[in-house]
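Next up, data-v1.cif (mmCIF, N, CA and C atoms):
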```
data_model
loop_
_atom_site.label_atom_id
_atom_site.label_comp_id
_atom_site.auth_asym_id
_atom_site.auth_seq_id
_atom_site.Cartn_x
_atom_site.Cartn_y
_atom_site.Cartn_z
N MET A 201 52.17 27.81 -6.20
CA MET A 201 51.92 26.74 -5.27
C MET A 201 52.93 25.64 -5.56
N SER A 202 53.52 25.13 -4.50
CA SER A 202 54.51 24.06 -4.66
C SER A 202 53.81 22.74 -4.94
N ALA A 203 54.55 21.75 -5.38
CA ALA A 203 54.00 20.43 -5.67
C ALA A 203 53.43 19.80 -4.43
N THR A 204 54.06 20.00 -3.27
CA THR A 204 53.57 19.44 -2.02
C THR A 204 52.24 20.08 -1.63
N GLN A 205 52.15 21.42 -1.77
CA GLN A 205 50.89 22.10 -1.44
C GLN A 205 49.76 21.66 -2.38
N GLU A 206 50.09 21.52 -3.65
CA GLU A 206 49.09 21.09 -4.63
C GLU A 206 48.61 19.67 -4.31
N HIS A 207 49.51 18.79 -3.92
CA HIS A 207 49.17 17.41 -3.55
C HIS A 207 48.24 17.41 -2.33
N ARG A 208 48.56 18.23 -1.30
CA ARG A 208 47.71 18.31 -0.10
C ARG A 208 46.32 18.85 -0.45
N SER A 209 46.26 19.84 -1.32
CA SER A 209 44.99 20.42 -1.72
C SER A 209 44.11 19.39 -2.43
N LEU A 210 44.70 18.60 -3.33
CA LEU A 210 43.96 17.55 -4.02
C LEU A 210 43.46 16.49 -3.06
N LEU A 211 44.32 16.08 -2.11
CA LEU A 211 43.90 15.08 -1.12
C LEU A 211 42.76 15.60 -0.27
N GLY A 212 42.81 16.87 0.12
CA GLY A 212 41.74 17.46 0.93
C GLY A 212 40.41 17.46 0.20
N ARG A 213 40.42 17.85 -1.08
CA ARG A 213 39.20 17.85 -1.87
C ARG A 213 38.66 16.45 -2.08
N ARG A 214 39.54 15.50 -2.34
CA ARG A 214 39.12 14.11 -2.53
C ARG A 214 38.50 13.56 -1.25
N THR A 215 39.08 13.88 -0.12
CA THR A 215 38.55 13.41 1.17
C THR A 215 37.15 13.96 1.40
N VAL A 216 36.98 15.26 1.12
CA VAL A 216 35.66 15.87 1.30
C VAL A 216 34.64 15.24 0.36
N VAL A 217 35.00 15.07 -0.90
CA VAL A 217 34.07 14.47 -1.87
C VAL A 217 33.73 13.04 -1.46
N ALA A 218 34.71 12.26 -1.03
CA ALA A 218 34.45 10.88 -0.61
C ALA A 218 33.56 10.85 0.62
N ALA A 219 33.77 11.74 1.58
CA ALA A 219 32.96 11.77 2.80
C ALA A 219 31.52 12.14 2.48
N VAL A 220 31.33 13.13 1.62
CA VAL A 220 29.98 13.54 1.24
C VAL A 220 29.27 12.39 0.51
N GLY A 221 29.98 11.69 -0.38
CA GLY A 221 29.39 10.56 -1.09
C GLY A 221 29.00 9.43 -0.14
N ALA A 222 29.85 9.14 0.83
CA ALA A 222 29.55 8.09 1.80
C ALA A 222 28.35 8.46 2.65
N ALA A 223 28.27 9.72 3.06
CA ALA A 223 27.13 10.16 3.88
C ALA A 223 25.84 10.07 3.08
N GLY A 224 25.90 10.45 1.80
CA GLY A 224 24.70 10.34 0.96
C GLY A 224 24.26 8.91 0.77
N ALA A 225 25.20 8.00 0.57
CA ALA A 225 24.86 6.58 0.42
C ALA A 225 24.25 6.03 1.69
N ALA A 226 24.80 6.42 2.84
CA ALA A 226 24.25 5.95 4.12
C ALA A 226 22.83 6.46 4.31
N ALA A 227 22.58 7.72 3.96
CA ALA A 227 21.24 8.28 4.10
C ALA A 227 20.26 7.55 3.18
N ALA A 228 20.67 7.26 1.95
CA ALA A 228 19.79 6.56 1.02
C ALA A 228 19.47 5.16 1.52
N LEU A 229 20.45 4.45 2.05
CA LEU A 229 20.20 3.10 2.57
C LEU A 229 19.28 3.14 3.77
N THR A 230 19.45 4.13 4.63
CA THR A 230 18.59 4.26 5.80
C THR A 230 17.16 4.53 5.37
N ALA A 231 16.97 5.37 4.38
CA ALA A 231 15.62 5.70 3.90
C ALA A 231 14.94 4.50 3.28
N CYS A 232 15.70 3.59 2.69
CA CYS A 232 15.12 2.42 2.02
C CYS A 232 14.80 1.28 2.97
N GLY A 233 15.34 1.27 4.14
CA GLY A 233 15.17 0.13 5.05
C GLY A 233 14.10 0.36 6.09
N GLY A 234 13.68 -0.73 6.71
CA GLY A 234 12.83 -0.66 7.89
C GLY A 234 11.37 -0.43 7.64
N GLY A 235 10.90 -0.43 6.41
CA GLY A 235 9.48 -0.16 6.15
C GLY A 235 8.62 -1.39 6.30
N SER A 236 7.32 -1.18 6.18
CA SER A 236 6.36 -2.28 6.22
C SER A 236 6.26 -2.91 4.85
N ASP A 237 5.73 -4.12 4.77
CA ASP A 237 5.62 -4.82 3.50
C ASP A 237 4.26 -4.65 2.84
N ASP A 238 3.46 -3.68 3.31
CA ASP A 238 2.14 -3.39 2.76
C ASP A 238 1.20 -4.58 2.82
N LYS A 239 1.39 -5.45 3.80
CA LYS A 239 0.46 -6.55 4.00
C LYS A 239 -0.15 -6.47 5.39
N GLY A 240 -0.30 -5.23 5.91
CA GLY A 240 -0.94 -5.05 7.19
C GLY A 240 0.00 -5.29 8.35
N GLY A 241 1.29 -5.12 8.13
CA GLY A 241 2.28 -5.31 9.19
C GLY A 241 2.16 -4.24 10.25
N SER A 242 3.29 -3.75 10.71
CA SER A 242 3.29 -2.81 11.82
C SER A 242 2.63 -1.50 11.49
N ASP A 243 2.44 -1.15 10.21
CA ASP A 243 1.81 0.10 9.85
C ASP A 243 0.29 0.00 9.80
N ALA A 244 -0.28 -1.17 10.04
CA ALA A 244 -1.74 -1.32 10.00
C ALA A 244 -2.36 -0.47 11.09
N VAL A 245 -3.40 0.28 10.73
CA VAL A 245 -4.06 1.14 11.69
C VAL A 245 -5.43 0.57 11.98
N GLU A 246 -5.74 0.45 13.23
CA GLU A 246 -7.01 -0.13 13.65
C GLU A 246 -8.12 0.90 13.49
N GLN A 247 -9.27 0.47 13.03
CA GLN A 247 -10.42 1.34 12.92
C GLN A 247 -11.01 1.56 14.31
N PRO A 248 -11.53 2.76 14.58
CA PRO A 248 -12.15 3.00 15.89
C PRO A 248 -13.26 2.00 16.16
N GLY A 249 -13.32 1.52 17.38
CA GLY A 249 -14.37 0.61 17.79
C GLY A 249 -14.24 -0.78 17.21
N SER A 250 -13.05 -1.15 16.74
CA SER A 250 -12.91 -2.44 16.08
C SER A 250 -12.62 -3.58 17.04
N GLY A 251 -12.36 -3.28 18.30
CA GLY A 251 -12.15 -4.35 19.26
C GLY A 251 -10.70 -4.75 19.44
N GLY A 252 -9.77 -4.01 18.84
CA GLY A 252 -8.35 -4.28 19.08
C GLY A 252 -7.81 -5.40 18.24
N GLU A 253 -6.56 -5.76 18.52
CA GLU A 253 -5.90 -6.83 17.79
C GLU A 253 -5.92 -8.10 18.60
N GLN A 254 -6.11 -9.19 17.90
CA GLN A 254 -5.98 -10.50 18.49
C GLN A 254 -5.06 -11.26 17.56
N GLN A 255 -5.32 -12.51 17.29
CA GLN A 255 -4.50 -13.23 16.33
C GLN A 255 -4.75 -12.66 14.95
N GLY A 256 -3.71 -12.61 14.14
CA GLY A 256 -3.83 -12.01 12.81
C GLY A 256 -3.62 -10.51 12.89
N GLY A 257 -4.08 -9.79 11.86
CA GLY A 257 -3.88 -8.36 11.79
C GLY A 257 -4.99 -7.58 12.44
N ALA A 258 -5.02 -6.31 12.12
CA ALA A 258 -6.00 -5.39 12.68
C ALA A 258 -7.40 -5.74 12.19
N VAL A 259 -8.38 -5.54 13.05
CA VAL A 259 -9.77 -5.72 12.64
C VAL A 259 -10.12 -4.55 11.72
N LEU A 260 -10.59 -4.87 10.54
CA LEU A 260 -10.99 -3.83 9.60
C LEU A 260 -12.45 -3.44 9.79
N ALA A 261 -13.32 -4.43 9.90
CA ALA A 261 -14.75 -4.17 9.96
C ALA A 261 -15.48 -5.40 10.44
N ALA A 262 -16.74 -5.20 10.76
CA ALA A 262 -17.64 -6.33 11.01
C ALA A 262 -18.18 -6.77 9.66
N THR A 263 -18.49 -8.04 9.53
CA THR A 263 -19.02 -8.54 8.25
C THR A 263 -20.29 -7.78 7.85
N ALA A 264 -21.10 -7.38 8.83
CA ALA A 264 -22.33 -6.65 8.54
C ALA A 264 -22.07 -5.26 7.95
N ASP A 265 -20.85 -4.73 8.13
CA ASP A 265 -20.51 -3.41 7.60
C ASP A 265 -20.22 -3.41 6.10
N ILE A 266 -19.97 -4.59 5.54
CA ILE A 266 -19.61 -4.68 4.12
C ILE A 266 -20.87 -5.06 3.35
N PRO A 267 -21.40 -4.14 2.55
CA PRO A 267 -22.66 -4.44 1.85
C PRO A 267 -22.48 -5.49 0.75
N GLU A 268 -23.49 -6.33 0.59
CA GLU A 268 -23.48 -7.32 -0.49
C GLU A 268 -23.47 -6.60 -1.83
N GLY A 269 -22.57 -7.01 -2.72
CA GLY A 269 -22.43 -6.35 -4.02
C GLY A 269 -21.62 -5.06 -3.95
N GLY A 270 -21.21 -4.68 -2.77
CA GLY A 270 -20.44 -3.46 -2.58
C GLY A 270 -19.19 -3.73 -1.76
N GLY A 271 -18.76 -2.74 -1.04
CA GLY A 271 -17.57 -2.89 -0.22
C GLY A 271 -17.21 -1.61 0.49
N MET A 272 -16.05 -1.63 1.13
CA MET A 272 -15.55 -0.47 1.85
C MET A 272 -14.06 -0.32 1.58
N VAL A 273 -13.61 0.93 1.48
CA VAL A 273 -12.20 1.24 1.31
C VAL A 273 -11.64 1.65 2.66
N PHE A 274 -10.53 1.05 3.05
CA PHE A 274 -9.84 1.38 4.30
C PHE A 274 -8.54 2.08 3.92
N ALA A 275 -8.61 3.40 3.87
CA ALA A 275 -7.50 4.20 3.35
C ALA A 275 -6.21 4.01 4.14
N ALA A 276 -6.29 3.98 5.45
CA ALA A 276 -5.07 3.86 6.27
C ALA A 276 -4.34 2.55 6.01
N GLN A 277 -5.08 1.50 5.74
CA GLN A 277 -4.49 0.19 5.48
C GLN A 277 -4.26 -0.07 3.99
N LYS A 278 -4.72 0.86 3.15
CA LYS A 278 -4.59 0.74 1.70
C LYS A 278 -5.19 -0.56 1.18
N VAL A 279 -6.39 -0.85 1.65
CA VAL A 279 -7.08 -2.07 1.26
C VAL A 279 -8.56 -1.76 1.01
N VAL A 280 -9.16 -2.49 0.08
CA VAL A 280 -10.58 -2.42 -0.17
C VAL A 280 -11.14 -3.83 0.06
N VAL A 281 -12.22 -3.92 0.83
CA VAL A 281 -12.86 -5.21 1.12
C VAL A 281 -14.22 -5.20 0.45
N THR A 282 -14.53 -6.29 -0.25
CA THR A 282 -15.80 -6.40 -0.96
C THR A 282 -16.54 -7.66 -0.52
N GLN A 283 -17.85 -7.67 -0.81
CA GLN A 283 -18.68 -8.86 -0.58
C GLN A 283 -19.46 -9.13 -1.87
N PRO A 284 -18.80 -9.82 -2.82
CA PRO A 284 -19.46 -10.05 -4.11
C PRO A 284 -20.71 -10.91 -4.01
N LYS A 285 -20.71 -11.90 -3.11
CA LYS A 285 -21.85 -12.78 -2.89
C LYS A 285 -22.08 -12.85 -1.38
N PRO A 286 -23.27 -13.21 -0.95
CA PRO A 286 -23.53 -13.29 0.48
C PRO A 286 -22.51 -14.19 1.20
N GLY A 287 -21.83 -13.62 2.19
CA GLY A 287 -20.87 -14.38 2.99
C GLY A 287 -19.51 -14.58 2.36
N GLU A 288 -19.28 -14.06 1.15
CA GLU A 288 -17.99 -14.18 0.46
C GLU A 288 -17.30 -12.82 0.50
N PHE A 289 -16.16 -12.76 1.15
CA PHE A 289 -15.44 -11.50 1.29
C PHE A 289 -14.10 -11.58 0.56
N LYS A 290 -13.79 -10.53 -0.18
CA LYS A 290 -12.54 -10.43 -0.94
C LYS A 290 -11.84 -9.14 -0.51
N ALA A 291 -10.53 -9.13 -0.68
CA ALA A 291 -9.77 -7.91 -0.38
C ALA A 291 -8.72 -7.68 -1.45
N PHE A 292 -8.51 -6.41 -1.78
CA PHE A 292 -7.55 -6.01 -2.80
C PHE A 292 -6.83 -4.75 -2.32
N SER A 293 -5.69 -4.49 -2.93
CA SER A 293 -5.02 -3.22 -2.70
C SER A 293 -5.97 -2.11 -3.15
N SER A 294 -6.00 -1.01 -2.42
CA SER A 294 -6.86 0.10 -2.82
C SER A 294 -6.11 1.09 -3.72
N THR A 295 -4.90 0.74 -4.13
CA THR A 295 -4.12 1.60 -5.00
C THR A 295 -4.38 1.22 -6.46
N CYS A 296 -4.94 2.14 -7.22
CA CYS A 296 -5.25 1.88 -8.63
C CYS A 296 -3.97 1.55 -9.39
N THR A 297 -4.05 0.57 -10.25
CA THR A 297 -2.89 0.13 -11.01
C THR A 297 -2.59 1.03 -12.20
N HIS A 298 -3.43 2.02 -12.46
CA HIS A 298 -3.17 2.93 -13.57
C HIS A 298 -2.10 3.94 -13.20
N GLN A 299 -2.36 4.80 -12.19
CA GLN A 299 -1.37 5.79 -11.80
C GLN A 299 -1.25 5.95 -10.30
N GLY A 300 -1.72 4.97 -9.54
CA GLY A 300 -1.49 4.97 -8.10
C GLY A 300 -2.45 5.76 -7.25
N CYS A 301 -3.55 6.24 -7.81
CA CYS A 301 -4.56 6.93 -7.00
C CYS A 301 -5.26 5.90 -6.12
N ALA A 302 -5.89 6.37 -5.06
CA ALA A 302 -6.66 5.48 -4.20
C ALA A 302 -8.08 5.33 -4.74
N VAL A 303 -8.54 4.07 -4.84
CA VAL A 303 -9.93 3.85 -5.23
C VAL A 303 -10.82 4.39 -4.12
N LYS A 304 -12.03 4.80 -4.48
CA LYS A 304 -12.88 5.46 -3.49
C LYS A 304 -14.25 4.85 -3.30
N ASP A 305 -14.76 4.16 -4.30
CA ASP A 305 -16.16 3.74 -4.24
C ASP A 305 -16.29 2.28 -4.65
N VAL A 306 -17.18 1.57 -3.95
CA VAL A 306 -17.50 0.19 -4.33
C VAL A 306 -19.02 0.06 -4.30
N SER A 307 -19.61 -0.21 -5.46
CA SER A 307 -21.05 -0.43 -5.50
C SER A 307 -21.40 -1.20 -6.77
N ALA A 308 -22.51 -1.90 -6.70
CA ALA A 308 -23.01 -2.69 -7.83
C ALA A 308 -21.93 -3.59 -8.43
N GLY A 309 -21.09 -4.17 -7.57
CA GLY A 309 -20.07 -5.10 -8.03
C GLY A 309 -18.86 -4.47 -8.69
N THR A 310 -18.71 -3.14 -8.54
CA THR A 310 -17.63 -2.43 -9.21
C THR A 310 -16.86 -1.55 -8.22
N ILE A 311 -15.53 -1.62 -8.31
CA ILE A 311 -14.64 -0.75 -7.55
C ILE A 311 -14.24 0.37 -8.51
N THR A 312 -14.37 1.63 -8.08
CA THR A 312 -14.10 2.76 -8.97
C THR A 312 -12.98 3.63 -8.44
N CYS A 313 -12.08 4.02 -9.36
CA CYS A 313 -11.03 4.98 -9.06
C CYS A 313 -11.48 6.34 -9.58
N PRO A 314 -11.51 7.37 -8.74
CA PRO A 314 -12.01 8.67 -9.17
C PRO A 314 -11.05 9.46 -10.06
N CYS A 315 -9.78 9.12 -10.07
CA CYS A 315 -8.81 9.94 -10.81
C CYS A 315 -9.01 9.90 -12.32
N HIS A 316 -9.16 8.70 -12.88
CA HIS A 316 -9.30 8.57 -14.34
C HIS A 316 -10.43 7.61 -14.69
N ASN A 317 -11.29 7.34 -13.72
CA ASN A 317 -12.48 6.50 -13.91
C ASN A 317 -12.19 5.06 -14.30
N SER A 318 -11.08 4.53 -13.82
CA SER A 318 -10.85 3.09 -13.99
C SER A 318 -11.84 2.36 -13.11
N THR A 319 -12.31 1.20 -13.58
CA THR A 319 -13.21 0.38 -12.79
C THR A 319 -12.66 -1.04 -12.72
N PHE A 320 -12.98 -1.72 -11.62
CA PHE A 320 -12.48 -3.06 -11.37
C PHE A 320 -13.61 -3.93 -10.87
N ASP A 321 -13.57 -5.21 -11.21
CA ASP A 321 -14.55 -6.18 -10.74
C ASP A 321 -14.35 -6.41 -9.24
N ALA A 322 -15.42 -6.26 -8.46
CA ALA A 322 -15.33 -6.38 -7.00
C ALA A 322 -15.07 -7.82 -6.55
N ALA A 323 -15.29 -8.81 -7.41
CA ALA A 323 -15.05 -10.20 -7.05
C ALA A 323 -13.63 -10.65 -7.38
N THR A 324 -13.02 -10.05 -8.41
CA THR A 324 -11.71 -10.53 -8.87
C THR A 324 -10.61 -9.47 -8.85
N GLY A 325 -11.00 -8.20 -8.81
CA GLY A 325 -10.02 -7.12 -8.89
C GLY A 325 -9.59 -6.81 -10.32
N SER A 326 -10.12 -7.55 -11.29
CA SER A 326 -9.75 -7.35 -12.70
C SER A 326 -10.32 -6.04 -13.23
N PRO A 327 -9.56 -5.36 -14.11
CA PRO A 327 -10.07 -4.11 -14.67
C PRO A 327 -11.27 -4.37 -15.59
N THR A 328 -12.28 -3.51 -15.48
CA THR A 328 -13.47 -3.64 -16.32
C THR A 328 -13.70 -2.41 -17.19
N GLY A 329 -12.93 -1.36 -16.95
CA GLY A 329 -13.07 -0.14 -17.74
C GLY A 329 -12.03 0.89 -17.35
N GLY A 330 -11.90 1.90 -18.21
CA GLY A 330 -10.96 2.98 -17.95
C GLY A 330 -9.56 2.65 -18.41
N PRO A 331 -8.61 3.49 -18.06
CA PRO A 331 -7.25 3.28 -18.54
C PRO A 331 -6.48 2.16 -17.84
N ALA A 332 -6.89 1.71 -16.67
CA ALA A 332 -6.16 0.64 -15.97
C ALA A 332 -6.24 -0.66 -16.77
N THR A 333 -5.10 -1.36 -16.89
CA THR A 333 -5.06 -2.63 -17.61
C THR A 333 -4.65 -3.79 -16.71
N GLN A 334 -4.17 -3.49 -15.53
CA GLN A 334 -3.73 -4.52 -14.59
C GLN A 334 -4.74 -4.63 -13.45
N PRO A 335 -4.95 -5.83 -12.91
CA PRO A 335 -5.89 -6.00 -11.79
C PRO A 335 -5.34 -5.40 -10.50
N LEU A 336 -6.24 -5.13 -9.58
CA LEU A 336 -5.83 -4.73 -8.24
C LEU A 336 -5.23 -5.96 -7.56
N PRO A 337 -4.06 -5.85 -6.96
CA PRO A 337 -3.47 -7.02 -6.29
C PRO A 337 -4.34 -7.48 -5.12
N ALA A 338 -4.50 -8.80 -5.00
CA ALA A 338 -5.28 -9.37 -3.89
C ALA A 338 -4.54 -9.13 -2.59
N ARG A 339 -5.29 -8.92 -1.52
CA ARG A 339 -4.75 -8.81 -0.16
C ARG A 339 -5.37 -9.93 0.67
N GLU A 340 -4.65 -10.41 1.64
CA GLU A 340 -5.15 -11.50 2.47
C GLU A 340 -5.93 -10.95 3.65
N ILE A 341 -7.11 -11.53 3.85
CA ILE A 341 -7.93 -11.22 5.02
C ILE A 341 -8.40 -12.53 5.62
N THR A 342 -8.84 -12.45 6.86
CA THR A 342 -9.48 -13.60 7.50
C THR A 342 -10.81 -13.14 8.06
N VAL A 343 -11.78 -14.01 8.02
CA VAL A 343 -13.09 -13.74 8.61
C VAL A 343 -13.21 -14.66 9.82
N GLU A 344 -13.30 -14.08 10.99
CA GLU A 344 -13.43 -14.82 12.25
C GLU A 344 -14.71 -14.36 12.91
N GLY A 345 -15.70 -15.24 12.93
CA GLY A 345 -16.99 -14.84 13.47
C GLY A 345 -17.57 -13.74 12.61
N ASP A 346 -17.81 -12.57 13.22
CA ASP A 346 -18.32 -11.44 12.43
C ASP A 346 -17.26 -10.37 12.20
N SER A 347 -15.98 -10.71 12.40
CA SER A 347 -14.89 -9.73 12.22
C SER A 347 -14.07 -10.07 10.98
N ILE A 348 -13.71 -9.03 10.26
CA ILE A 348 -12.82 -9.15 9.11
C ILE A 348 -11.50 -8.52 9.50
N ARG A 349 -10.42 -9.30 9.37
CA ARG A 349 -9.07 -8.85 9.76
C ARG A 349 -8.12 -8.96 8.59
N LEU A 350 -7.11 -8.10 8.60
CA LEU A 350 -5.98 -8.31 7.70
C LEU A 350 -5.26 -9.56 8.17
N ALA A 351 -4.84 -10.39 7.24
CA ALA A 351 -4.14 -11.64 7.60
C ALA A 351 -2.69 -11.36 7.93
#
```
If you convert what's in this file into structure tokens, what do you get?
Amino acid sequence: MSATQEHRSLLGRRTVVAAVGAAGAAAALTACGGGSDDKGGSDAVEQPGSGGEQQGGAVLAATADIPEGGGMVFAAQKVVVTQPKPGEFKAFSSTCTHQGCAVKDVSAGTITCPCHNSTFDAATGSPTGGPATQPLPAREITVEGDSIRLA
């Protein structure tokens, strides 16, 4: 192979490698952009029979649906809503801080993750047992009349 042919061959390989690298970087940037901020933005899913959207986010539930001392998990919205005291409603991420499983049960003032039995205080989101050491992050909700909405 002559020096000119060898030079062309190297340039061809470099061009292909550079093009593949650029395409991969573009794909990675596209995959990372355009998502929701996990605060009930465009990915919030309305519960059936909730009455639609008005000001604020999607209606999650009626206040009467959230038992005192208990709560409900809204899997599609990744939020758990509790009523620690009569008329006091709290909301937290439903993603367990131990290994990312979804919490499933709220009763007797405790939010429970079924994966490794972590438990959290329904009033504060603080861990009360199990391997989780970090609290469930608070989520913003609004109570308007008898409707609970993501803020």
Once the PyMOL selection byres ((chain A and resi 278-282) around 7) has been applied to the shown file, what residues remain in the selection, as a PyMOL selection string?
-> chain A and resi 266-277+283-285+288-295+322-323
Step by step, work through what the PyMOL selection byres ((chain A and resi 333-348) around 7) selects in the shown file, and finish by giving those residues as a list in words.
->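 Applying the PyMOL selection byres ((chain A and resi 333-348) around 7) to the structure shown produces Lys239, Ala258, Val259, Leu260, Ala261, Ala262, Thr263, Ala264, Lys290, Ala291, Phe292, Ser293, Ser294, Thr295, Cys296, Thr297, His298, Phe320, Thr324, Gly325, Ser326, Pro327, Gly330, Pro331, Ala332, Arg349, Leu350 and Ala351 of chain A.
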Length of the atom CA of A:Cys301 to atom N of A:Asp265 vector [Å] =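 Answer for the atom CA of A:Cys301 to atom N of A:Asp265 separation: 25.1 Å.
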Give the centre and edge lengths of an axis-aligned box, in Å to one decimal, that holds all listed atoms of stretch 312-330 of chain A with 3 Å on each side, as lines of an AutoDock Vina configuration file.
```
center_x = -12.1
center_y = -0.4
center_z = -12.5
size_x = 12.6
size_y = 26.6
size_z = 17.9
```
Figure out the distance between atom CA of A:Gly257 and atom C of A:Gly309, please, to one decimal in Å.
->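 Atom-to-atom, atom C of A:Gly309 and atom CA of A:Gly257 are spaced 25.7 Å apart.
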Just give me the gap between atom CA of A:Gly300 and atom N of A:Gly287 in Å, one decimal is fine.
-> 29.4 Å
Atoms are missing here; could stretch 273-284 of chain A be completed with N, CA, C and O atoms and written as a PDB file, in the coordinates of the input?
```pdb
ATOM      1  N   VAL A 273     -13.610   0.930   1.480  1.00  0.00           N
ATOM      2  CA  VAL A 273     -12.200   1.240   1.310  1.00  0.00           C
ATOM      3  C   VAL A 273     -11.640   1.650   2.660  1.00  0.00           C
ATOM      4  O   VAL A 273     -12.225   2.491   3.356  1.00  0.00           O
ATOM      5  N   PHE A 274     -10.530   1.050   3.050  1.00  0.00           N
ATOM      6  CA  PHE A 274      -9.840   1.380   4.300  1.00  0.00           C
ATOM      7  C   PHE A 274      -8.540   2.080   3.920  1.00  0.00           C
ATOM      8  O   PHE A 274      -7.528   1.431   3.633  1.00  0.00           O
ATOM      9  N   ALA A 275      -8.610   3.400   3.870  1.00  0.00           N
ATOM     10  CA  ALA A 275      -7.500   4.200   3.350  1.00  0.00           C
ATOM     11  C   ALA A 275      -6.210   4.010   4.140  1.00  0.00           C
ATOM     12  O   ALA A 275      -5.137   3.879   3.544  1.00  0.00           O
ATOM     13  N   ALA A 276      -6.290   3.980   5.450  1.00  0.00           N
ATOM     14  CA  ALA A 276      -5.070   3.860   6.270  1.00  0.00           C
ATOM     15  C   ALA A 276      -4.340   2.550   6.010  1.00  0.00           C
ATOM     16  O   ALA A 276      -3.114   2.501   6.048  1.00  0.00           O
ATOM     17  N   GLN A 277      -5.080   1.500   5.740  1.00  0.00           N
ATOM     18  CA  GLN A 277      -4.490   0.190   5.480  1.00  0.00           C
ATOM     19  C   GLN A 277      -4.260  -0.070   3.990  1.00  0.00           C
ATOM     20  O   GLN A 277      -3.728  -1.103   3.619  1.00  0.00           O
ATOM     21  N   LYS A 278      -4.720   0.860   3.150  1.00  0.00           N
ATOM     22  CA  LYS A 278      -4.590   0.740   1.700  1.00  0.00           C
ATOM     23  C   LYS A 278      -5.190  -0.560   1.180  1.00  0.00           C
ATOM     24  O   LYS A 278      -4.604  -1.277   0.381  1.00  0.00           O
ATOM     25  N   VAL A 279      -6.390  -0.850   1.650  1.00  0.00           N
ATOM     26  CA  VAL A 279      -7.080  -2.070   1.260  1.00  0.00           C
ATOM     27  C   VAL A 279      -8.560  -1.760   1.010  1.00  0.00           C
ATOM     28  O   VAL A 279      -9.121  -0.856   1.632  1.00  0.00           O
ATOM     29  N   VAL A 280      -9.160  -2.490   0.080  1.00  0.00           N
ATOM     30  CA  VAL A 280     -10.580  -2.420  -0.170  1.00  0.00           C
ATOM     31  C   VAL A 280     -11.140  -3.830   0.060  1.00  0.00           C
ATOM     32  O   VAL A 280     -10.571  -4.806  -0.425  1.00  0.00           O
ATOM     33  N   VAL A 281     -12.220  -3.920   0.830  1.00  0.00           N
ATOM     34  CA  VAL A 281     -12.860  -5.210   1.120  1.00  0.00           C
ATOM     35  C   VAL A 281     -14.220  -5.200   0.450  1.00  0.00           C
ATOM     36  O   VAL A 281     -14.983  -4.240   0.579  1.00  0.00           O
ATOM     37  N   THR A 282     -14.530  -6.290  -0.250  1.00  0.00           N
ATOM     38  CA  THR A 282     -15.800  -6.400  -0.960  1.00  0.00           C
ATOM     39  C   THR A 282     -16.540  -7.660  -0.520  1.00  0.00           C
ATOM     40  O   THR A 282     -15.964  -8.566   0.063  1.00  0.00           O
ATOM     41  N   GLN A 283     -17.850  -7.670  -0.810  1.00  0.00           N
ATOM     42  CA  GLN A 283     -18.680  -8.860  -0.580  1.00  0.00           C
ATOM     43  C   GLN A 283     -19.460  -9.130  -1.870  1.00  0.00           C
ATOM     44  O   GLN A 283     -20.597  -8.702  -2.022  1.00  0.00           O
ATOM     45  N   PRO A 284     -18.800  -9.820  -2.820  1.00  0.00           N
ATOM     46  CA  PRO A 284     -19.460 -10.050  -4.110  1.00  0.00           C
ATOM     47  C   PRO A 284     -20.710 -10.910  -4.010  1.00  0.00           C
ATOM     48  O   PRO A 284     -21.657 -10.724  -4.783  1.00  0.00           O
TER      49      PRO A 284
END
```
